[in-house]
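Here is the file run17.pdb (PDB, C-alpha atoms, pLDDT in the B column).
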ATOM      1  CA  MET A   1      72.622  70.437  99.180  1.00 82.00           C
ATOM      2  CA  PRO A   2      69.320  72.216  98.564  1.00 91.00           C
ATOM      3  CA  THR A   3      68.225  74.847 101.082  1.00 95.00           C
ATOM      4  CA  LEU A   4      65.159  76.716 102.216  1.00 96.00           C
ATOM      5  CA  THR A   5      64.762  79.661 104.576  1.00 97.00           C
ATOM      6  CA  VAL A   6      63.560  79.023 108.127  1.00 97.00           C
ATOM      7  CA  ASN A   7      62.820  82.074 110.263  1.00 96.00           C
ATOM      8  CA  GLY A   8      65.060  84.176 108.039  1.00 96.00           C
ATOM      9  CA  ALA A   9      68.087  81.839 107.989  1.00 96.00           C
ATOM     10  CA  ALA A  10      69.276  79.347 105.371  1.00 96.00           C
ATOM     11  CA  HIS A  11      68.496  75.760 106.357  1.00 94.00           C
ATOM     12  CA  PRO A  12      69.521  72.516 104.606  1.00 94.00           C
ATOM     13  CA  LEU A  13      66.655  70.657 102.972  1.00 93.00           C
ATOM     14  CA  ALA A  14      66.591  66.871 103.281  1.00 90.00           C
ATOM     15  CA  ASP A  15      65.182  64.980 100.300  1.00 91.00           C
ATOM     16  CA  GLY A  16      61.458  64.323 100.765  1.00 92.00           C
ATOM     17  CA  ALA A  17      61.212  66.339 103.987  1.00 95.00           C
ATOM     18  CA  SER A  18      57.761  67.366 105.136  1.00 97.00           C
ATOM     19  CA  LEU A  19      56.740  70.446 107.059  1.00 97.00           C
ATOM     20  CA  LEU A  20      56.095  68.136 110.029  1.00 97.00           C
ATOM     21  CA  ASP A  21      59.709  66.888 109.881  1.00 96.00           C
ATOM     22  CA  LEU A  22      61.010  70.450 109.824  1.00 96.00           C
ATOM     23  CA  VAL A  23      58.844  71.634 112.719  1.00 96.00           C
ATOM     24  CA  ALA A  24      59.771  68.619 114.875  1.00 95.00           C
ATOM     25  CA  ALA A  25      63.482  69.162 114.207  1.00 94.00           C
ATOM     26  CA  THR A  26      63.271  72.919 114.796  1.00 93.00           C
ATOM     27  CA  ILE A  27      61.467  72.669 118.128  1.00 92.00           C
ATOM     28  CA  ASP A  28      63.430  69.515 119.069  1.00 93.00           C
ATOM     29  CA  ARG A  29      60.295  67.626 120.005  1.00 93.00           C
ATOM     30  CA  PRO A  30      58.807  64.462 118.446  1.00 95.00           C
ATOM     31  CA  LEU A  31      55.404  64.962 116.822  1.00 96.00           C
ATOM     32  CA  THR A  32      52.742  62.499 115.697  1.00 95.00           C
ATOM     33  CA  ALA A  33      51.461  62.436 112.104  1.00 94.00           C
ATOM     34  CA  ASP A  34      48.638  64.837 113.039  1.00 93.00           C
ATOM     35  CA  GLY A  35      51.143  67.384 114.390  1.00 93.00           C
ATOM     36  CA  THR A  36      50.509  66.880 118.086  1.00 92.00           C
ATOM     37  CA  PRO A  37      53.387  66.296 120.513  1.00 94.00           C
ATOM     38  CA  GLU A  38      54.092  62.634 121.268  1.00 94.00           C
ATOM     39  CA  ASP A  39      54.328  63.522 124.973  1.00 93.00           C
ATOM     40  CA  GLY A  40      50.690  64.707 124.974  1.00 92.00           C
ATOM     41  CA  GLY A  41      51.614  68.263 125.971  1.00 90.00           C
ATOM     42  CA  ARG A  42      50.641  71.508 124.300  1.00 89.00           C
ATOM     43  CA  LEU A  43      52.466  72.625 121.178  1.00 90.00           C
ATOM     44  CA  GLY A  44      51.869  76.383 120.876  1.00 91.00           C
ATOM     45  CA  VAL A  45      53.326  76.615 117.355  1.00 94.00           C
ATOM     46  CA  ALA A  46      52.019  78.186 114.145  1.00 95.00           C
ATOM     47  CA  VAL A  47      53.676  77.714 110.756  1.00 97.00           C
ATOM     48  CA  ALA A  48      53.581  79.709 107.527  1.00 98.00           C
ATOM     49  CA  LEU A  49      54.976  78.396 104.259  1.00 98.00           C
ATOM     50  CA  ASP A  50      55.710  81.111 101.696  1.00 98.00           C
ATOM     51  CA  SER A  51      53.613  83.544 103.802  1.00 97.00           C
ATOM     52  CA  VAL A  52      50.555  81.243 103.961  1.00 97.00           C
ATOM     53  CA  VAL A  53      49.579  79.682 107.288  1.00 97.00           C
ATOM     54  CA  VAL A  54      49.483  75.883 107.043  1.00 97.00           C
ATOM     55  CA  PRO A  55      47.034  74.102 109.380  1.00 96.00           C
ATOM     56  CA  ARG A  56      48.681  71.543 111.648  1.00 95.00           C
ATOM     57  CA  SER A  57      46.556  68.793 110.082  1.00 94.00           C
ATOM     58  CA  ARG A  58      48.395  69.401 106.754  1.00 96.00           C
ATOM     59  CA  TRP A  59      51.985  69.513 108.053  1.00 97.00           C
ATOM     60  CA  HIS A  60      52.537  65.780 107.454  1.00 97.00           C
ATOM     61  CA  ASP A  61      51.413  65.928 103.812  1.00 97.00           C
ATOM     62  CA  THR A  62      53.142  69.205 102.937  1.00 97.00           C
ATOM     63  CA  ARG A  63      56.438  68.453 101.186  1.00 97.00           C
ATOM     64  CA  LEU A  64      59.129  71.113 101.179  1.00 97.00           C
ATOM     65  CA  ALA A  65      60.984  72.359  98.099  1.00 96.00           C
ATOM     66  CA  GLU A  66      64.205  74.243  97.556  1.00 96.00           C
ATOM     67  CA  GLY A  67      63.890  78.008  97.888  1.00 96.00           C
ATOM     68  CA  GLN A  68      60.728  78.002  99.988  1.00 97.00           C
ATOM     69  CA  SER A  69      60.423  80.182 103.072  1.00 98.00           C
ATOM     70  CA  VAL A  70      59.086  78.854 106.386  1.00 98.00           C
ATOM     71  CA  GLU A  71      58.230  80.869 109.489  1.00 98.00           C
ATOM     72  CA  ILE A  72      57.774  78.905 112.705  1.00 96.00           C
ATOM     73  CA  ILE A  73      56.196  80.974 115.463  1.00 93.00           C
ATOM     74  CA  THR A  74      56.182  79.710 119.057  1.00 86.00           C
ATOM     75  CA  ALA A  75      53.764  81.131 121.623  1.00 82.00           C
ATOM     76  CA  MET A  76      55.445  82.502 124.754  1.00 75.00           C
ATOM     77  CA  GLN A  77      53.923  83.329 128.143  1.00 69.00           C
ATOM     78  CA  GLY A  78      54.481  86.661 129.769  1.00 67.00           C
ATOM     79  CA  GLY A  79      54.089  90.156 128.629  1.00 58.00           C
TER      80      GLY A  79
END
In structure tokens, how does this file's structure come out?
Amino acid sequence: MPTLTVNGAAHPLADGASLLDLVAATIDRPLTADGTPEDGGRLGVAVALDSVVVPRSRWHDTRLAEGQSVEIITAMQGG
């Protein structure tokens, strides 16, 4: 099965998977096509594909390919 790297670890790549699919699976939260949470809450996530930040509005249309590297950053409160 093809793989890509997610936050530094190998991750299986499903055929035809989009960046939106990957983010939703990684954060275990359903997202709408525009990248917002289905529950209406805040997301607090930024995503880079091969070191380039991808705007949330493009997650749905961004298809993933074998060997790519994805960083998913989640905002945390506190300090």
Check your understanding: Written as a PyMOL selection string, which residues does the PyMOL selection byres ((chain A and resi 61-73) around 6) give for the file shown?
Key -> chain A and resi 2-7+17-19+45-50+58-60+74
**Study point:** Atomic separation - atom CA of A:Thr36 relative to atom CA of A:Arg56, Å
**Key:** 8.2 Å
Any idea what's packed within 12 Å of A:Arg29, counting only C-alpha atoms, ignoring anything in its chain fewer than 4 positions away? Could you give it as a compact mmCIF listing (two decimals) with C-alpha atoms, in the coordinates of the input?
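Resulting contents of part_17.txt:
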# COMPACT_ATOMS: atom_id res chain seq x y z
CA LEU A 20 56.10 68.14 110.03
CA ASP A 21 59.71 66.89 109.88
CA LEU A 22 61.01 70.45 109.82
CA VAL A 23 58.84 71.63 112.72
CA ALA A 24 59.77 68.62 114.88
CA ALA A 25 63.48 69.16 114.21
CA GLY A 35 51.14 67.38 114.39
CA THR A 36 50.51 66.88 118.09
CA PRO A 37 53.39 66.30 120.51
CA GLU A 38 54.09 62.63 121.27
CA ASP A 39 54.33 63.52 124.97
CA GLY A 40 50.69 64.71 124.97
CA GLY A 41 51.61 68.26 125.97
CA ARG A 42 50.64 71.51 124.30
CA LEU A 43 52.47 72.62 121.18
CA VAL A 45 53.33 76.61 117.36
Exercise for review: Grab the atom CA of A:Ser57 to atom CA of A:Thr32 distance for me, in Å with one decimal place.
Suggested key: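 One can read the atom CA of A:Ser57 to atom CA of A:Thr32 distance as 10.5 Å.
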Which centre and edge lengths in Å to one decimal define the box along x, y and z that fits every listed atom of stretch 18-35 of chain A plus 8 Å per side, as lines of an AutoDock Vina configuration file?
center_x = 56.1
center_y = 67.7
center_z = 112.6
size_x = 30.8
size_y = 26.5
size_z = 30.9
Check your understanding: Could you state the separation of atom CA of A:Ala14 and atom CA of A:Met1 in Å, given to one decimal place?
Key -> 8.1 Å
